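Student: Below is the file work_34.cif, with mmCIF, C-alpha atoms.
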data_structure
#
loop_
_atom_site.label_atom_id
_atom_site.label_comp_id
_atom_site.auth_asym_id
_atom_site.auth_seq_id
_atom_site.Cartn_x
_atom_site.Cartn_y
_atom_site.Cartn_z
CA MET H 1 0.00 0.00 0.00
CA SER H 2 2.66 2.45 -1.08
CA ALA H 3 0.26 5.35 -1.81
CA ILE H 4 -0.79 5.40 1.83
CA ASP H 5 2.80 5.13 3.03
CA ASP H 6 3.89 7.89 0.64
CA LEU H 7 1.29 10.36 1.85
CA THR H 8 1.84 9.42 5.49
CA GLY H 9 5.57 9.99 5.05
CA GLU H 10 5.08 13.39 3.40
CA LEU H 11 2.59 14.54 6.04
CA ALA H 12 4.92 13.41 8.83
CA ARG H 13 7.58 15.82 7.49
CA LEU H 14 5.40 18.76 8.54
CA PRO H 15 6.17 20.37 11.90
CA GLY H 16 4.06 19.15 14.79
CA ILE H 17 2.74 16.16 12.81
CA GLY H 18 4.11 12.81 13.91
CA ARG H 19 3.80 9.42 12.30
CA LYS H 20 0.53 8.56 14.06
CA THR H 21 -1.17 11.87 13.27
CA ALA H 22 -0.03 11.57 9.65
CA LEU H 23 -1.61 8.12 9.42
CA ARG H 24 -4.81 9.40 11.00
CA LEU H 25 -4.97 12.27 8.49
CA THR H 26 -4.37 9.87 5.59
CA TYR H 27 -7.20 7.58 6.70
CA HIS H 28 -9.40 10.62 7.22
CA LEU H 29 -8.77 11.78 3.64
CA LEU H 30 -9.55 8.29 2.35
CA LYS H 31 -12.98 8.49 3.96
CA GLN H 32 -13.75 11.91 2.44
CA PRO H 33 -14.93 12.51 -1.13
CA LYS H 34 -11.97 12.40 -3.53
CA GLU H 35 -12.66 16.04 -4.26
CA GLN H 36 -11.18 17.05 -0.91
CA SER H 37 -7.77 15.46 -1.52
CA ARG H 38 -7.78 16.98 -5.01
CA ARG H 39 -8.47 20.47 -3.73
CA LEU H 40 -5.73 20.14 -1.12
CA ALA H 41 -3.29 18.90 -3.78
CA ASP H 42 -4.21 21.79 -6.08
CA ALA H 43 -3.83 24.36 -3.31
CA LEU H 44 -0.34 22.99 -2.56
CA ARG H 45 0.68 23.21 -6.21
CA THR H 46 -0.64 26.74 -6.60
CA LEU H 47 1.19 27.79 -3.46
CA SER H 48 4.58 26.59 -4.63
CA ASP H 49 4.02 27.92 -8.16
CA LYS H 50 2.62 31.34 -7.45
CA VAL H 51 3.70 32.72 -4.10
CA ARG H 52 6.94 34.69 -4.01
CA ALA H 53 8.59 37.46 -1.97
CA CYS H 54 7.56 41.10 -2.46
CA SER H 55 10.44 42.83 -4.27
CA ARG H 56 10.38 45.68 -1.79
CA CYS H 57 9.54 44.33 1.67
CA PHE H 58 9.86 40.51 1.22
CA ASN H 59 6.33 39.89 2.44
CA LEU H 60 4.68 36.97 0.61
CA THR H 61 2.74 37.89 -2.50
CA GLU H 62 1.54 36.63 -5.86
CA GLU H 63 2.43 39.94 -7.58
CA GLU H 64 5.61 41.99 -7.91
CA LEU H 65 4.68 44.07 -4.85
CA CYS H 66 2.71 42.78 -1.86
CA VAL H 67 -0.77 43.94 -0.93
CA ILE H 68 0.62 46.28 1.75
CA CYS H 69 3.26 47.94 -0.45
CA ARG H 70 0.58 48.49 -3.12
CA ASP H 71 -1.87 50.14 -0.72
CA PRO H 72 -1.72 53.94 -1.27
CA ARG H 73 -3.40 54.61 2.08
CA ARG H 74 -0.46 53.20 4.02
CA ASP H 75 2.40 55.40 5.18
CA PRO H 76 5.71 54.46 3.46
CA ALA H 77 7.69 56.67 5.86
CA LEU H 78 7.14 54.11 8.60
CA ILE H 79 8.80 50.67 8.33
CA CYS H 80 8.11 47.88 10.80
CA VAL H 81 10.88 45.24 10.71
CA VAL H 82 9.77 41.66 11.49
CA GLU H 83 11.51 38.30 11.41
CA GLU H 84 9.02 36.32 9.33
CA ALA H 85 6.19 37.09 6.92
CA ALA H 86 3.86 35.32 9.37
CA ASP H 87 4.55 38.08 11.90
CA ILE H 88 2.92 40.61 9.56
CA GLY H 89 -0.35 38.75 9.94
CA ALA H 90 -0.14 39.01 13.74
CA ILE H 91 0.49 42.76 13.59
CA GLU H 92 -2.20 43.34 10.95
CA ARG H 93 -4.76 41.48 13.06
CA ALA H 94 -4.07 43.94 15.88
CA GLY H 95 -5.40 46.58 13.46
CA GLU H 96 -3.30 49.47 14.81
CA TYR H 97 -0.44 49.77 12.36
CA ARG H 98 -0.77 51.77 9.11
CA GLY H 99 2.85 51.82 7.87
CA HIS H 100 4.89 49.44 5.71
CA PHE H 101 6.89 46.35 6.67
CA HIS H 102 10.25 44.73 6.09
CA VAL H 103 10.65 40.95 6.47
CA LEU H 104 14.16 39.91 7.52
CA GLY H 105 13.59 36.24 6.75
CA GLY H 106 14.82 35.05 10.15
CA ARG H 107 16.97 36.25 13.03
CA LEU H 108 20.72 36.39 13.58
CA SER H 109 21.88 33.11 15.06
CA PRO H 110 25.61 32.39 14.81
CA LEU H 111 25.13 28.90 16.25
CA ASP H 112 22.79 27.99 13.38
CA GLY H 113 25.06 29.75 10.89
CA VAL H 114 22.63 32.63 10.24
CA THR H 115 24.68 35.76 9.54
CA PRO H 116 23.52 39.29 8.50
CA ASP H 117 24.01 38.34 4.85
CA ASP H 118 21.45 35.52 5.18
CA LEU H 119 18.82 38.07 6.17
CA THR H 120 17.46 41.00 4.14
CA ILE H 121 19.35 43.55 6.26
CA PRO H 122 21.38 44.97 3.31
CA GLN H 123 18.12 45.41 1.38
CA LEU H 124 16.63 47.25 4.37
CA VAL H 125 19.62 49.59 4.50
CA SER H 126 19.46 50.39 0.78
CA ARG H 127 15.69 50.87 1.09
CA VAL H 128 16.25 53.49 3.80
CA GLU H 129 19.20 54.99 1.89
CA ARG H 130 17.15 55.94 -1.16
CA THR H 131 16.38 59.59 -0.49
CA GLU H 132 12.99 59.49 -2.21
CA SER H 133 11.79 56.97 0.33
CA GLY H 134 11.67 59.59 3.09
CA VAL H 135 11.66 56.99 5.86
CA ARG H 136 10.96 58.69 9.17
CA GLU H 137 10.94 55.81 11.59
CA VAL H 138 11.98 52.16 11.66
CA ILE H 139 10.21 50.04 14.29
CA LEU H 140 12.13 46.91 15.23
CA ALA H 141 9.52 44.22 15.90
CA THR H 142 11.74 41.15 16.05
CA ASN H 143 10.76 38.66 18.74
CA PRO H 144 11.59 39.44 22.38
CA SER H 145 13.99 36.47 22.48
CA LEU H 146 17.77 36.39 22.79
CA GLU H 147 18.27 36.15 19.02
CA GLY H 148 15.50 38.65 18.33
CA GLU H 149 17.14 41.22 20.61
CA ALA H 150 20.56 40.64 19.05
CA THR H 151 19.05 41.07 15.59
CA ALA H 152 17.30 44.30 16.63
CA LEU H 153 20.57 45.63 18.06
CA TYR H 154 22.45 44.78 14.88
CA VAL H 155 19.85 46.42 12.62
CA GLN H 156 19.79 49.50 14.86
CA ARG H 157 23.57 49.89 14.43
CA GLN H 158 23.31 49.55 10.65
CA LEU H 159 20.77 52.38 10.60
CA ALA H 160 22.51 54.61 13.18
CA THR H 161 23.98 56.99 10.57
CA PHE H 162 20.63 57.80 8.94
CA PRO H 163 18.50 60.77 10.06
CA LEU H 164 15.56 58.75 11.33
CA SER H 165 14.38 57.33 14.61
CA VAL H 166 14.82 53.63 15.27
CA THR H 167 12.42 52.26 17.89
CA ARG H 168 11.81 48.89 19.50
CA ILE H 169 8.39 47.43 20.34
CA ALA H 170 7.64 47.59 24.06
CA ARG H 171 8.18 44.61 26.30
CA GLY H 172 6.13 44.18 29.43
CA LEU H 173 3.32 42.16 30.91
CA PRO H 174 0.91 40.85 28.28
CA VAL H 175 -2.57 42.36 28.47
CA GLY H 176 -4.77 40.01 30.46
CA GLY H 177 -1.67 38.41 31.98
CA ASP H 178 -1.15 37.68 35.63
CA LEU H 179 1.72 39.18 37.61
CA GLU H 180 1.88 36.06 39.77
CA TYR H 181 2.73 33.85 36.79
CA ALA H 182 4.97 36.25 34.83
CA ASP H 183 8.67 35.41 34.59
CA GLY H 184 11.22 37.61 36.36
CA VAL H 185 12.77 39.04 33.20
CA THR H 186 9.40 40.24 31.92
CA ILE H 187 8.56 41.80 35.29
CA ALA H 188 11.96 43.55 35.37
CA GLN H 189 11.33 44.90 31.85
CA ALA H 190 7.83 46.01 32.77
CA LEU H 191 9.16 47.86 35.80
CA SER H 192 12.05 49.61 34.05
CA ALA H 193 9.77 50.66 31.15
CA ARG H 194 7.09 52.03 33.50
CA ARG H 195 5.27 55.18 32.38
CA ALA H 196 3.54 58.05 34.20
CA MET H 197 -0.22 57.59 34.32
CA MET Z 1 -2.73 36.38 -1.20
CA SER Z 2 -5.42 33.90 -2.18
CA ALA Z 3 -3.02 30.96 -2.68
CA ILE Z 4 -2.05 31.14 0.99
CA ASP Z 5 -5.68 31.49 2.07
CA ASP Z 6 -6.71 28.59 -0.16
CA LEU Z 7 -4.16 26.20 1.27
CA THR Z 8 -4.81 27.36 4.82
CA GLY Z 9 -8.52 26.77 4.31
CA GLU Z 10 -7.99 23.28 2.91
CA LEU Z 11 -5.57 22.28 5.68
CA ALA Z 12 -7.97 23.60 8.33
CA ARG Z 13 -10.60 21.10 7.08
CA LEU Z 14 -8.45 18.23 8.37
CA PRO Z 15 -9.31 16.85 11.81
CA GLY Z 16 -7.27 18.28 14.68
CA ILE Z 17 -5.90 21.12 12.54
CA GLY Z 18 -7.31 24.53 13.37
CA ARG Z 19 -6.95 27.81 11.56
CA LYS Z 20 -3.72 28.78 13.35
CA THR Z 21 -2.00 25.43 12.83
CA ALA Z 22 -3.04 25.50 9.16
CA LEU Z 23 -1.46 28.93 8.75
CA ARG Z 24 1.71 27.76 10.49
CA LEU Z 25 1.94 24.73 8.18
CA THR Z 26 1.42 26.93 5.12
CA TYR Z 27 4.22 29.29 6.15
CA HIS Z 28 6.40 26.30 6.92
CA LEU Z 29 5.87 24.91 3.41
CA LEU Z 30 6.68 28.30 1.91
CA LYS Z 31 10.06 28.20 3.62
CA GLN Z 32 10.87 24.71 2.36
CA PRO Z 33 12.16 23.87 -1.14
CA LYS Z 34 9.26 23.83 -3.63
CA GLU Z 35 9.97 20.16 -4.11
CA GLN Z 36 8.40 19.35 -0.75
CA SER Z 37 4.99 20.89 -1.54
CA ARG Z 38 5.09 19.16 -4.93
CA ARG Z 39 5.74 15.75 -3.41
CA LEU Z 40 2.93 16.24 -0.89
CA ALA Z 41 0.57 17.31 -3.69
CA ASP Z 42 1.55 14.28 -5.78
CA ALA Z 43 1.09 11.90 -2.85
CA LEU Z 44 -2.41 13.30 -2.28
CA ARG Z 45 -3.32 12.86 -5.93
CA THR Z 46 -2.00 9.31 -6.07
CA LEU Z 47 -3.92 8.47 -2.92
CA SER Z 48 -7.28 9.58 -4.26
CA ASP Z 49 -6.64 8.03 -7.68
CA LYS Z 50 -5.23 4.65 -6.71
CA VAL Z 51 -6.42 3.50 -3.33
CA ARG Z 52 -9.67 1.53 -3.19
CA ALA Z 53 -11.37 -1.10 -1.03
CA CYS Z 54 -10.33 -4.76 -1.26
CA SER Z 55 -13.15 -6.60 -3.05
CA ARG Z 56 -13.17 -9.32 -0.39
CA CYS Z 57 -12.44 -7.73 2.99
CA PHE Z 58 -12.74 -3.94 2.31
CA ASN Z 59 -9.24 -3.25 3.57
CA LEU Z 60 -7.54 -0.45 1.61
CA THR Z 61 -5.51 -1.56 -1.38
CA GLU Z 62 -4.21 -0.51 -4.77
CA GLU Z 63 -5.07 -3.91 -6.30
CA GLU Z 64 -8.23 -6.01 -6.60
CA LEU Z 65 -7.38 -7.88 -3.37
CA CYS Z 66 -5.51 -6.39 -0.43
CA VAL Z 67 -2.04 -7.52 0.67
CA ILE Z 68 -3.51 -9.66 3.46
CA CYS Z 69 -6.10 -11.45 1.30
CA ARG Z 70 -3.33 -12.16 -1.26
CA ASP Z 71 -0.95 -13.67 1.33
CA PRO Z 72 -1.10 -17.49 1.02
CA ARG Z 73 0.49 -17.93 4.46
CA ARG Z 74 -2.52 -16.42 6.22
CA ASP Z 75 -5.42 -18.54 7.43
CA PRO Z 76 -8.66 -17.73 5.55
CA ALA Z 77 -10.72 -19.78 8.03
CA LEU Z 78 -10.25 -17.05 10.62
CA ILE Z 79 -11.89 -13.64 10.08
CA CYS Z 80 -11.27 -10.69 12.37
CA VAL Z 81 -14.03 -8.06 12.03
CA VAL Z 82 -12.94 -4.45 12.61
CA GLU Z 83 -14.68 -1.10 12.27
CA GLU Z 84 -12.13 0.75 10.15
CA ALA Z 85 -9.22 -0.16 7.86
CA ALA Z 86 -6.96 1.76 10.25
CA ASP Z 87 -7.72 -0.82 12.94
CA ILE Z 88 -6.03 -3.51 10.82
CA GLY Z 89 -2.75 -1.62 11.16
CA ALA Z 90 -3.07 -1.64 14.96
CA ILE Z 91 -3.70 -5.40 15.05
CA GLU Z 92 -0.95 -6.14 12.53
CA ARG Z 93 1.55 -4.15 14.59
CA ALA Z 94 0.79 -6.44 17.54
CA GLY Z 95 2.18 -9.21 15.32
CA GLU Z 96 0.06 -12.01 16.80
CA TYR Z 97 -2.74 -12.47 14.30
CA ARG Z 98 -2.34 -14.66 11.20
CA GLY Z 99 -5.92 -14.79 9.86
CA HIS Z 100 -7.91 -12.58 7.50
CA PHE Z 101 -9.93 -9.41 8.21
CA HIS Z 102 -13.28 -7.84 7.42
CA VAL Z 103 -13.68 -4.05 7.55
CA LEU Z 104 -17.22 -2.95 8.42
CA GLY Z 105 -16.63 0.66 7.44
CA GLY Z 106 -17.94 2.07 10.71
CA ARG Z 107 -20.16 1.08 13.60
CA LEU Z 108 -23.92 0.96 14.06
CA SER Z 109 -25.11 4.35 15.30
CA PRO Z 110 -28.83 5.03 14.88
CA LEU Z 111 -28.37 8.61 16.11
CA ASP Z 112 -25.96 9.34 13.25
CA GLY Z 113 -28.16 7.42 10.82
CA VAL Z 114 -25.73 4.51 10.43
CA THR Z 115 -27.77 1.33 9.89
CA PRO Z 116 -26.60 -2.24 9.11
CA ASP Z 117 -26.99 -1.53 5.38
CA ASP Z 118 -24.42 1.28 5.59
CA LEU Z 119 -21.83 -1.20 6.83
CA THR Z 120 -20.42 -4.25 5.03
CA ILE Z 121 -22.37 -6.66 7.25
CA PRO Z 122 -24.32 -8.27 4.33
CA GLN Z 123 -21.00 -8.83 2.55
CA LEU Z 124 -19.60 -10.49 5.69
CA VAL Z 125 -22.60 -12.82 5.88
CA SER Z 126 -22.33 -13.85 2.22
CA ARG Z 127 -18.57 -14.30 2.67
CA VAL Z 128 -19.23 -16.75 5.52
CA GLU Z 129 -22.12 -18.35 3.63
CA ARG Z 130 -20.01 -19.51 0.73
CA THR Z 131 -19.26 -23.12 1.65
CA GLU Z 132 -15.85 -23.13 0.01
CA SER Z 133 -14.70 -20.43 2.41
CA GLY Z 134 -14.64 -22.89 5.34
CA VAL Z 135 -14.69 -20.11 7.93
CA ARG Z 136 -14.10 -21.61 11.38
CA GLU Z 137 -14.12 -18.53 13.60
CA VAL Z 138 -15.18 -14.89 13.41
CA ILE Z 139 -13.48 -12.62 15.94
CA LEU Z 140 -15.40 -9.42 16.63
CA ALA Z 141 -12.80 -6.71 17.20
CA THR Z 142 -15.03 -3.63 17.08
CA ASN Z 143 -14.11 -0.95 19.63
CA PRO Z 144 -15.03 -1.50 23.29
CA SER Z 145 -17.44 1.46 23.12
CA LEU Z 146 -21.23 1.56 23.33
CA GLU Z 147 -21.63 1.55 19.54
CA GLY Z 148 -18.84 -0.99 19.08
CA GLU Z 149 -20.54 -3.40 21.49
CA ALA Z 150 -23.93 -2.92 19.79
CA THR Z 151 -22.32 -3.58 16.42
CA ALA Z 152 -20.60 -6.74 17.71
CA LEU Z 153 -23.91 -7.97 19.13
CA TYR Z 154 -25.71 -7.33 15.84
CA VAL Z 155 -23.05 -9.12 13.78
CA GLN Z 156 -23.07 -12.04 16.22
CA ARG Z 157 -26.83 -12.46 15.70
CA GLN Z 158 -26.46 -12.37 11.93
CA LEU Z 159 -23.93 -15.19 12.11
CA ALA Z 160 -25.74 -17.26 14.77
CA THR Z 161 -27.13 -19.80 12.30
CA PHE Z 162 -23.74 -20.72 10.81
CA PRO Z 163 -21.65 -23.62 12.17
CA LEU Z 164 -18.74 -21.50 13.40
CA SER Z 165 -17.65 -19.87 16.64
CA VAL Z 166 -18.11 -16.13 17.04
CA THR Z 167 -15.78 -14.58 19.63
CA ARG Z 168 -15.22 -11.11 21.02
CA ILE Z 169 -11.81 -9.62 21.88
CA ALA Z 170 -11.15 -9.52 25.63
CA ARG Z 171 -11.76 -6.38 27.63
CA GLY Z 172 -9.81 -5.70 30.81
CA LEU Z 173 -7.03 -3.59 32.20
CA PRO Z 174 -4.55 -2.47 29.54
CA VAL Z 175 -1.08 -3.96 29.93
CA GLY Z 176 1.07 -1.45 31.78
CA GLY Z 177 -2.05 0.25 33.08
CA ASP Z 178 -2.67 1.25 36.67
CA LEU Z 179 -5.59 -0.12 38.68
CA GLU Z 180 -5.79 3.13 40.61
CA TYR Z 181 -6.56 5.15 37.48
CA ALA Z 182 -8.74 2.62 35.66
CA ASP Z 183 -12.43 3.43 35.25
CA GLY Z 184 -15.04 1.37 37.08
CA VAL Z 185 -16.51 -0.30 33.99
CA THR Z 186 -13.10 -1.57 32.90
CA ILE Z 187 -12.37 -2.92 36.38
CA ALA Z 188 -15.77 -4.63 36.48
CA GLN Z 189 -15.07 -6.23 33.08
CA ALA Z 190 -11.60 -7.29 34.18
CA LEU Z 191 -13.02 -8.90 37.32
CA SER Z 192 -15.87 -10.75 35.61
CA ALA Z 193 -13.53 -12.03 32.86
CA ARG Z 194 -10.90 -13.24 35.37
CA ARG Z 195 -9.08 -16.45 34.51
CA ALA Z 196 -7.40 -19.21 36.53
CA MET Z 197 -3.63 -18.73 36.74
#
The structure in this file should be written as structure tokens.
Tutor:
Amino acid sequence: MSAIDDLTGELARLPGIGRKTALRLTYHLLKQPKEQSRRLADALRTLSDKVRACSRCFNLTEEELCVICRDPRRDPALICVVEEAADIGAIERAGEYRGHFHVLGGRLSPLDGVTPDDLTIPQLVSRVERTESGVREVILATNPSLEGEATALYVQRQLATFPLSVTRIARGLPVGGDLEYADGVTIAQALSARRAM
Amino acid sequence: MSAIDDLTGELARLPGIGRKTALRLTYHLLKQPKEQSRRLADALRTLSDKVRACSRCFNLTEEELCVICRDPRRDPALICVVEEAADIGAIERAGEYRGHFHVLGGRLSPLDGVTPDDLTIPQLVSRVERTESGVREVILATNPSLEGEATALYVQRQLATFPLSVTRIARGLPVGGDLEYADGVTIAQALSARRAM
């Protein structure tokens, strides 16, 4: 039954899907109308054929420029730097941000062999450099992890010579969180970044 | 970005995969070589095109008869009745059983509208009926659930007039289980089915 083994093997390569879950999914698909497997197969093909990186901000898109870079109502003088294209979705869902983005494609991680040249940091610098861009502020929204902080620091240094403000997203207690269960580092950050009410 | 939405939507139709997991899988695939999405798409297509039910036992197969029905070393006089084709894998992994199988395709469930005619019970009866089959024993290995028990009881009645023994898999404490955490029904079953040592 190699067709079943093939699909199970391919599904098990996905993150968070083990051998048993893969087998369960395969049997599930076998019980559904054939149309469902077909549609999933077609969606996979379309994805790998059509989706590419935006030539300006490296967000995912099916066109030359992504839907955000093409939107005339968004402010191009504001660039929010994120690690992955998926992070854009998280920020967009918050519904507060009206500027543009820049996707680094990862974070600096010397142990994993990820150096500045593996990320789109040079492209960010040349994007800011172009005088017509008129970038006013770059918001560093890399993750609040060790690598994310190091990446933010590195990007900040690359942009230090330009006449613009470089900011970092705030760290603190998550809204709805509980002081009792927060870790010490977060509490320390929340205290040192306290603001007058 | 409809290609991303399409794939996310299709993945989210799978059991145990919600919207967020589907999105994470989609982004994961976008970061992998295109080859991986292609292979997954091909495996899905092959599955829906090639896999069908064994004409004798309704196990999944790519041929007329499944790999178990074709195996001359297995005993055709012994039929193990299971609810789903996936259950065959579980029994085969135990490595103890050397007979044939019969896949019912579900369990009796009047509330969900599943009647005996929706299962392969008539096919099981005519399989036993054929004198050349020489079936000696039918083992009912439906799940130890309410519906599984009802299904086993129904099948047993259908086969009552044939000169063969109809048995039910044993229920009791799982090997490696803990009496302290076992439910009362299981303990009651384990007690009433106790055997001399």
Student: Name every residue that the PyMOL selection byres ((chain Z) within 10 of (chain H)) selects in this structure, writing the answer as a PyMOL selection string with chains first and numbers rising.
Tutor: chain Z and resi 1-11+13-17+21+23-52+60-63+66-67+84-86+89+105
Student: Could you write out as a PyMOL selection string the residues that the PyMOL selection byres ((chain H and resi 145) around 12) matches in the shown file?
Tutor: chain H and resi 83+107-109+141-144+146-152+171+185-186
Student: Quote the spacing between CA of Gln189 in chain Z and CA of Glu92 in chain Z in Å to one decimal place.
Tutor: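 CA of Glu92 in chain Z lies 24.9 Å from CA of Gln189 in chain Z.
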Student: How would you write, as number ranges by chain, the residues chosen by the PyMOL selection byres ((chain Z and resi 117-130) around 10) on this structure?
Tutor: Z: 55-58, 77, 79, 81, 83, 102-108, 113-116, 131-138, 151, 154-155, 158-159, 162-164
Student: What separation in Å, quoted to one decimal, exists between CA of Val82 in chain H and CA of Leu140 in chain H?
Tutor: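 Going from CA of Val82 in chain H over to CA of Leu140 in chain H covers 6.9 Å.
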Student: Separation of CA of Glu64 in chain Z and CA of Arg93 in chain Z, in Å?
Tutor: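 Between CA of Glu64 in chain Z and CA of Arg93 in chain Z the gap is 23.4 Å.
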Student: Taking (-4.7, -16.0, 12.5) in the file's coordinates, which residues come within 9 Å, counting only C-alpha atoms, written as a CSV table (one decimal) with C-alpha atoms, keeping the file's coordinate frame?
Tutor:
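What ended up in point-v9.csv:
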chain,number,residue,atom,x,y,z
Z,74,ARG,CA,-2.5,-16.4,6.2
Z,75,ASP,CA,-5.4,-18.5,7.4
Z,76,PRO,CA,-8.7,-17.7,5.6
Z,77,ALA,CA,-10.7,-19.8,8.0
Z,78,LEU,CA,-10.2,-17.0,10.6
Z,79,ILE,CA,-11.9,-13.6,10.1
Z,80,CYS,CA,-11.3,-10.7,12.4
Z,96,GLU,CA,0.1,-12.0,16.8
Z,97,TYR,CA,-2.7,-12.5,14.3
Z,98,ARG,CA,-2.3,-14.7,11.2
Z,99,GLY,CA,-5.9,-14.8,9.9
Z,100,HIS,CA,-7.9,-12.6,7.5
Student: With only C-alpha atoms as the basis for distance, which of H:Ala190, H:Ile139, H:Ile91, H:Phe101 is at the shortest distance from Ile169 in chain H?
Tutor: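 Nearest to Ile169 in chain H: H:Ile139.
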